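Here is the structure we will look at, set down as structure tokens.
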Amino acid sequence: MTFGRMAVDWQERINYDRLRRERLERAKSQLEKDGLGSILCFDYCNVRYITGFYTPGCFRLSSQRYVLLPRNGDPVLWIEGAISTQVRDAWTPWLKGNVRASTGSHFAYLEPGVRADVMVNEIGKILAQHGLEKEPIGVDQASGVPYFWLIENFGKAGLKLVDGHPAMMEARKIKTRDEIECIRQACANAEAAMADVRDAIRPGVTEMELCGVVAKKLYSLGCDEYEDLVVCSGEHTNPNTHQMSDRQIRPGELVFVDIAGQAFNGYKTCVYRTFSVGKASSRQKELYQECYEMLYKGISKAKAGATTLDITKSWPTDPAYWGHEFRRDIADLAMGHGVGLSLYDKPIIMHALSRNNPIPLKENMVLALETWTGKKGEREGVRLEEMVLVTKDGYELLTRFPVGELIEAWL
């Protein structure tokens, strides 16, 4: 069921207290399974997963916001000093006052005059309070902080850092009911934006203008994050350049749009649709049908108990199918990935990965599956993508914008 975006008193929709609580429980459970005493996270997706705290774009590639989660305690969040008191006292009561001003010591490798031991000692004291100072500390992909710098300075204090990124990816792999509802709403927002794109396609409109159409609709619907957008037209559709430009769209061309990385309460979408500018040619329709059938052969294999290999085996594996010689050239032409707070959650679904290490599909995984058809050297190609929820007996289609046949826009 997809509810409205607002919270109301007459219907339980997304329960945000439960959302935060269940995510935290999963993170702690994964620390226990992996033998970690705590985890230190800089990645903004992991910070949000553990704390429920939003990181704006200007801080997503820095390290001024980070969280320490002791396995047997509450998370402690550090953010830049100017707003830390307000966040602690008014914004995040569920964090129980565990919000502190970041010291800036994590910039010591850029500013030699700043002492690194301020940050390290603060974290060491918290771990000692929980009896965890001798246990491994997981650290995720630290944005803006070299991993060797962390290892060196924590090591001086007798604290052992290990790779904690796999633990967080594993914790986030299976979605809770409230996470799934956030994703459903994000998909509904993407459908509304795709409808506006269809109406806006006409000769002379640029790829960037279509990006603006999408962004306007999404932000009006409560999008709190926009990571990526692909609009490709004409020759840009073969190969897929994964970008947009100031190219003007012309009659008779194909246009495909990927609404990727836009989020509702942090939860992303990744959905491709292809349109024709006016009446489609027989070749364009042929390419579209080929892409559609390939996509749904993969989707039909999605169910709990199957594996990523079951999906990839339903797609072509010979590079010659697309007119290529090497497998590396076709790696992203038929693929899939998990979607959640990150655009790329586990599992990653590629034949090269799955044939040697098939990953079991589990109930309440959310997958994005995408296919491309065309030949190397041909003028155009078609890209399609759907998002599905893995269920016990199959899948639930989360993206509902029409996909059964090529939509002829500007008619």
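Residues are referred to by chain and number: the chain letter is A, B, ... according to the order shown in the structure tokens, the number counts from 1 in that chain, and ligands are numbered separately from 1 in the order shown.
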
Within 12 Å of A:Met350 using only C-alpha atoms, minus same-chain residues under 5 positions, as a PyMOL selection string:
chain A and resi 298+307-317+327-328+330-338+355-359+369-371

Dump N, CA and C atoms for the selected residues as an mmCIF file, in the first residue's frame?
data_model
loop_
_atom_site.group_PDB
_atom_site.id
_atom_site.type_symbol
_atom_site.label_atom_id
_atom_site.label_comp_id
_atom_site.auth_asym_id
_atom_site.auth_seq_id
_atom_site.Cartn_x
_atom_site.Cartn_y
_atom_site.Cartn_z
ATOM 1 N N GLY A 298 14.542 -11.145 -16.677
ATOM 2 C CA GLY A 298 15.287 -11.051 -15.426
ATOM 3 C C GLY A 298 14.379 -10.860 -14.230
ATOM 4 N N THR A 307 18.765 -16.782 -6.748
ATOM 5 C CA THR A 307 20.050 -16.101 -6.572
ATOM 6 C C THR A 307 20.236 -15.058 -7.670
ATOM 7 N N THR A 308 21.243 -14.241 -7.481
ATOM 8 C CA THR A 308 21.566 -13.251 -8.510
ATOM 9 C C THR A 308 21.945 -13.926 -9.823
ATOM 10 N N LEU A 309 22.504 -15.123 -9.758
ATOM 11 C CA LEU A 309 22.857 -15.850 -10.976
ATOM 12 C C LEU A 309 21.620 -16.257 -11.758
ATOM 13 N N ASP A 310 20.536 -16.582 -11.077
ATOM 14 C CA ASP A 310 19.297 -16.924 -11.779
ATOM 15 C C ASP A 310 18.828 -15.764 -12.646
ATOM 16 N N ILE A 311 19.036 -14.540 -12.154
ATOM 17 C CA ILE A 311 18.647 -13.363 -12.927
ATOM 18 C C ILE A 311 19.587 -13.164 -14.104
ATOM 19 N N THR A 312 20.893 -13.165 -13.846
ATOM 20 C CA THR A 312 21.847 -12.854 -14.919
ATOM 21 C C THR A 312 21.870 -13.928 -15.999
ATOM 22 N N LYS A 313 21.556 -15.180 -15.654
ATOM 23 C CA LYS A 313 21.521 -16.250 -16.660
ATOM 24 C C LYS A 313 20.391 -16.053 -17.657
ATOM 25 N N SER A 314 19.398 -15.243 -17.294
ATOM 26 C CA SER A 314 18.283 -14.997 -18.212
ATOM 27 C C SER A 314 18.609 -13.912 -19.231
ATOM 28 N N TRP A 315 19.776 -13.278 -19.106
ATOM 29 C CA TRP A 315 20.200 -12.203 -20.003
ATOM 30 C C TRP A 315 21.340 -12.691 -20.903
ATOM 31 N N PRO A 316 21.530 -12.062 -22.049
ATOM 32 C CA PRO A 316 22.659 -12.433 -22.915
ATOM 33 C C PRO A 316 23.993 -12.215 -22.192
ATOM 34 N N THR A 317 24.935 -13.103 -22.432
ATOM 35 C CA THR A 317 26.265 -12.981 -21.823
ATOM 36 C C THR A 317 27.364 -12.856 -22.864
ATOM 37 N N ARG A 327 33.952 -8.805 -22.649
ATOM 38 C CA ARG A 327 32.920 -8.802 -21.602
ATOM 39 C C ARG A 327 32.893 -7.492 -20.823
ATOM 40 N N ARG A 328 34.069 -6.902 -20.640
ATOM 41 C CA ARG A 328 34.106 -5.655 -19.874
ATOM 42 C C ARG A 328 33.296 -4.547 -20.549
ATOM 43 N N ILE A 330 30.375 -4.866 -21.826
ATOM 44 C CA ILE A 330 28.924 -5.067 -21.682
ATOM 45 C C ILE A 330 28.494 -5.181 -20.227
ATOM 46 N N ALA A 331 29.410 -4.866 -19.299
ATOM 47 C CA ALA A 331 29.146 -5.115 -17.876
ATOM 48 C C ALA A 331 27.875 -4.448 -17.384
ATOM 49 N N ASP A 332 27.563 -3.232 -17.885
ATOM 50 C CA ASP A 332 26.405 -2.506 -17.361
ATOM 51 C C ASP A 332 25.219 -2.503 -18.320
ATOM 52 N N LEU A 333 25.248 -3.339 -19.353
ATOM 53 C CA LEU A 333 24.157 -3.331 -20.333
ATOM 54 C C LEU A 333 22.957 -4.155 -19.874
ATOM 55 N N ALA A 334 23.193 -5.099 -18.974
ATOM 56 C CA ALA A 334 22.113 -5.847 -18.330
ATOM 57 C C ALA A 334 22.579 -6.136 -16.914
ATOM 58 N N MET A 335 22.012 -5.453 -15.954
ATOM 59 C CA MET A 335 22.536 -5.533 -14.593
ATOM 60 C C MET A 335 21.438 -5.198 -13.583
ATOM 61 N N GLY A 336 21.791 -5.277 -12.320
ATOM 62 C CA GLY A 336 20.861 -4.887 -11.264
ATOM 63 C C GLY A 336 21.625 -4.523 -10.003
ATOM 64 N N HIS A 337 20.913 -3.951 -9.055
ATOM 65 C CA HIS A 337 21.541 -3.560 -7.787
ATOM 66 C C HIS A 337 20.456 -3.319 -6.749
ATOM 67 N N GLY A 338 20.842 -3.427 -5.493
ATOM 68 C CA GLY A 338 19.936 -3.060 -4.423
ATOM 69 C C GLY A 338 19.757 -1.552 -4.372
ATOM 70 N N ARG A 355 28.392 -15.325 -11.443
ATOM 71 C CA ARG A 355 28.719 -16.686 -11.880
ATOM 72 C C ARG A 355 29.660 -17.383 -10.905
ATOM 73 N N ASN A 356 30.501 -16.627 -10.205
ATOM 74 C CA ASN A 356 31.418 -17.218 -9.230
ATOM 75 C C ASN A 356 30.945 -17.051 -7.793
ATOM 76 N N ASN A 357 30.051 -16.099 -7.573
ATOM 77 C CA ASN A 357 29.582 -15.842 -6.212
ATOM 78 C C ASN A 357 28.112 -15.446 -6.231
ATOM 79 N N PRO A 358 27.228 -16.399 -6.539
ATOM 80 C CA PRO A 358 25.797 -16.063 -6.580
ATOM 81 C C PRO A 358 25.290 -15.682 -5.196
ATOM 82 N N ILE A 359 24.586 -14.561 -5.116
ATOM 83 C CA ILE A 359 24.062 -14.070 -3.842
ATOM 84 C C ILE A 359 22.600 -14.475 -3.712
ATOM 85 N N LEU A 369 16.466 -3.391 -11.590
ATOM 86 C CA LEU A 369 16.979 -4.191 -12.691
ATOM 87 C C LEU A 369 16.883 -3.373 -13.972
ATOM 88 N N GLU A 370 17.970 -3.378 -14.763
ATOM 89 C CA GLU A 370 18.019 -2.493 -15.931
ATOM 90 C C GLU A 370 18.684 -3.180 -17.120
ATOM 91 N N THR A 371 18.146 -2.920 -18.312
ATOM 92 C CA THR A 371 18.677 -3.510 -19.531
ATOM 93 C C THR A 371 18.790 -2.441 -20.623
#

Extract the full set of helix (DSSP H, G or I) residues from stretch 6-145 of chain A according to DSSP on the backbone, and format it as an NGL selection string.
:A and (16-34 or 44-51 or 57-59 or 81-91 or 93-95 or 105-107 or 117-129)

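Among the candidates A:Glu181, A:Asp74, A:Glu170, A:Glu122, the residue lying nearest to A:Leu389 is A:Glu181 (atoms considered: only C-alpha atoms).
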
Report as an MDAnalysis selection string all protein, DNA and RNA residues lying within 8 Å of stretch 227-240 of chain A, evaluated on only C-alpha atoms, omitting residues in the same chain fewer than 6 positions from it.
chainID A and resid 207:208 210:211 247 249:250 253:262 374:382

Selected residues written out, N, CA and C atoms, as a PDB file, in the first residue's frame:
ATOM      1  N   GLU A 207      18.316  18.412 -23.241  1.00  0.00           N
ATOM      2  CA  GLU A 207      18.391  17.389 -22.197  1.00  0.00           C
ATOM      3  C   GLU A 207      18.398  18.044 -20.819  1.00  0.00           C
ATOM      4  N   MET A 208      19.120  19.135 -20.664  1.00  0.00           N
ATOM      5  CA  MET A 208      19.184  19.812 -19.370  1.00  0.00           C
ATOM      6  C   MET A 208      17.832  20.392 -18.963  1.00  0.00           C
ATOM      7  N   LEU A 210      14.969  19.105 -19.603  1.00  0.00           N
ATOM      8  CA  LEU A 210      14.193  17.991 -19.076  1.00  0.00           C
ATOM      9  C   LEU A 210      14.634  17.635 -17.659  1.00  0.00           C
ATOM     10  N   CYS A 211      15.927  17.788 -17.377  1.00  0.00           N
ATOM     11  CA  CYS A 211      16.406  17.605 -16.004  1.00  0.00           C
ATOM     12  C   CYS A 211      15.709  18.595 -15.069  1.00  0.00           C
ATOM     13  N   ARG A 247      22.337  19.440 -25.415  1.00  0.00           N
ATOM     14  CA  ARG A 247      21.891  18.972 -26.734  1.00  0.00           C
ATOM     15  C   ARG A 247      20.385  19.163 -26.895  1.00  0.00           C
ATOM     16  N   ILE A 249      16.809  18.238 -28.475  1.00  0.00           N
ATOM     17  CA  ILE A 249      16.118  17.048 -28.940  1.00  0.00           C
ATOM     18  C   ILE A 249      15.465  17.341 -30.291  1.00  0.00           C
ATOM     19  N   ARG A 250      15.545  16.349 -31.198  1.00  0.00           N
ATOM     20  CA  ARG A 250      15.034  16.549 -32.548  1.00  0.00           C
ATOM     21  C   ARG A 250      13.963  15.511 -32.888  1.00  0.00           C
ATOM     22  N   GLU A 253      13.746  11.129 -32.800  1.00  0.00           N
ATOM     23  CA  GLU A 253      14.776  10.557 -31.948  1.00  0.00           C
ATOM     24  C   GLU A 253      14.192   9.800 -30.758  1.00  0.00           C
ATOM     25  N   LEU A 254      15.048   8.997 -30.157  1.00  0.00           N
ATOM     26  CA  LEU A 254      14.738   8.378 -28.873  1.00  0.00           C
ATOM     27  C   LEU A 254      15.311   9.229 -27.758  1.00  0.00           C
ATOM     28  N   VAL A 255      14.618   9.232 -26.623  1.00  0.00           N
ATOM     29  CA  VAL A 255      15.077   9.918 -25.415  1.00  0.00           C
ATOM     30  C   VAL A 255      14.883   8.960 -24.250  1.00  0.00           C
ATOM     31  N   PHE A 256      15.932   8.705 -23.483  1.00  0.00           N
ATOM     32  CA  PHE A 256      15.671   7.959 -22.243  1.00  0.00           C
ATOM     33  C   PHE A 256      16.101   8.765 -21.024  1.00  0.00           C
ATOM     34  N   VAL A 257      15.355   8.524 -19.954  1.00  0.00           N
ATOM     35  CA  VAL A 257      15.472   9.291 -18.713  1.00  0.00           C
ATOM     36  C   VAL A 257      15.647   8.318 -17.561  1.00  0.00           C
ATOM     37  N   ASP A 258      16.620   8.572 -16.721  1.00  0.00           N
ATOM     38  CA  ASP A 258      16.842   7.773 -15.513  1.00  0.00           C
ATOM     39  C   ASP A 258      16.669   8.683 -14.305  1.00  0.00           C
ATOM     40  N   ILE A 259      15.616   8.457 -13.535  1.00  0.00           N
ATOM     41  CA  ILE A 259      15.416   9.201 -12.290  1.00  0.00           C
ATOM     42  C   ILE A 259      16.093   8.395 -11.186  1.00  0.00           C
ATOM     43  N   ALA A 260      17.361   8.714 -10.982  1.00  0.00           N
ATOM     44  CA  ALA A 260      18.218   7.920 -10.104  1.00  0.00           C
ATOM     45  C   ALA A 260      18.715   8.773  -8.954  1.00  0.00           C
ATOM     46  N   GLY A 261      18.642   8.228  -7.761  1.00  0.00           N
ATOM     47  CA  GLY A 261      19.207   8.913  -6.612  1.00  0.00           C
ATOM     48  C   GLY A 261      18.340   9.999  -6.022  1.00  0.00           C
ATOM     49  N   GLN A 262      17.115  10.183  -6.531  1.00  0.00           N
ATOM     50  CA  GLN A 262      16.210  11.122  -5.855  1.00  0.00           C
ATOM     51  C   GLN A 262      15.571  10.388  -4.698  1.00  0.00           C
ATOM     52  N   GLY A 374      20.653  -2.380 -28.372  1.00  0.00           N
ATOM     53  CA  GLY A 374      21.228  -1.617 -29.475  1.00  0.00           C
ATOM     54  C   GLY A 374      22.482  -2.340 -29.908  1.00  0.00           C
ATOM     55  N   LYS A 375      23.069  -1.901 -30.958  1.00  0.00           N
ATOM     56  CA  LYS A 375      24.310  -2.501 -31.439  1.00  0.00           C
ATOM     57  C   LYS A 375      25.404  -1.437 -31.465  1.00  0.00           C
ATOM     58  N   LYS A 376      26.621  -1.853 -31.193  1.00  0.00           N
ATOM     59  CA  LYS A 376      27.760  -0.953 -31.275  1.00  0.00           C
ATOM     60  C   LYS A 376      27.808  -0.334 -32.672  1.00  0.00           C
ATOM     61  N   GLY A 377      27.885   0.978 -32.716  1.00  0.00           N
ATOM     62  CA  GLY A 377      27.931   1.676 -33.986  1.00  0.00           C
ATOM     63  C   GLY A 377      26.577   2.091 -34.517  1.00  0.00           C
ATOM     64  N   GLU A 378      25.513   1.545 -33.940  1.00  0.00           N
ATOM     65  CA  GLU A 378      24.164   1.956 -34.343  1.00  0.00           C
ATOM     66  C   GLU A 378      23.873   3.339 -33.752  1.00  0.00           C
ATOM     67  N   ARG A 379      22.931   4.059 -34.337  1.00  0.00           N
ATOM     68  CA  ARG A 379      22.709   5.443 -33.925  1.00  0.00           C
ATOM     69  C   ARG A 379      22.090   5.550 -32.540  1.00  0.00           C
ATOM     70  N   GLU A 380      21.168   4.664 -32.200  1.00  0.00           N
ATOM     71  CA  GLU A 380      20.411   4.817 -30.956  1.00  0.00           C
ATOM     72  C   GLU A 380      20.334   3.506 -30.184  1.00  0.00           C
ATOM     73  N   GLY A 381      19.926   3.627 -28.930  1.00  0.00           N
ATOM     74  CA  GLY A 381      19.690   2.469 -28.092  1.00  0.00           C
ATOM     75  C   GLY A 381      18.534   2.742 -27.152  1.00  0.00           C
ATOM     76  N   VAL A 382      18.052   1.699 -26.482  1.00  0.00           N
ATOM     77  CA  VAL A 382      16.918   1.783 -25.563  1.00  0.00           C
ATOM     78  C   VAL A 382      17.355   1.302 -24.189  1.00  0.00           C
TER      79      VAL A 382
END

Give the strand (DSSP E or B) residues of stretch 203-254 of chain A, as DSSP finds them on the backbone, and put them as a list in words.
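In stretch 203-254 of chain A, DSSP puts these residues in strand (DSSP E or B): Thr206, Glu225, Tyr226, Glu227, Asp228, Leu229, Val230, Val231, Cys232, Ser233, Thr237, Asn240, Gln248 and Leu254 of chain A.
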
How would the residues just picked look written out with C-alpha atoms as a PDB file, in the first residue's frame?
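So again03.pdb came out as:
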ATOM      1  CA  THR A 206      17.392  20.330 -24.332  1.00  0.00           C
ATOM      2  CA  GLU A 225      18.015  14.560  -1.960  1.00  0.00           C
ATOM      3  CA  TYR A 226      18.861  14.373  -5.645  1.00  0.00           C
ATOM      4  CA  GLU A 227      21.998  12.445  -6.409  1.00  0.00           C
ATOM      5  CA  ASP A 228      21.847  11.800 -10.133  1.00  0.00           C
ATOM      6  CA  LEU A 229      19.782  12.268 -13.286  1.00  0.00           C
ATOM      7  CA  VAL A 230      20.323  10.896 -16.749  1.00  0.00           C
ATOM      8  CA  VAL A 231      18.685  12.355 -19.869  1.00  0.00           C
ATOM      9  CA  CYS A 232      20.116  11.033 -23.138  1.00  0.00           C
ATOM     10  CA  SER A 233      18.765  11.720 -26.626  1.00  0.00           C
ATOM     11  CA  THR A 237      21.628   6.899 -26.256  1.00  0.00           C
ATOM     12  CA  ASN A 240      24.567   5.217 -22.819  1.00  0.00           C
ATOM     13  CA  GLN A 248      18.568  19.873 -28.341  1.00  0.00           C
ATOM     14  CA  LEU A 254      14.738   8.378 -28.873  1.00  0.00           C
TER      15      LEU A 254
END
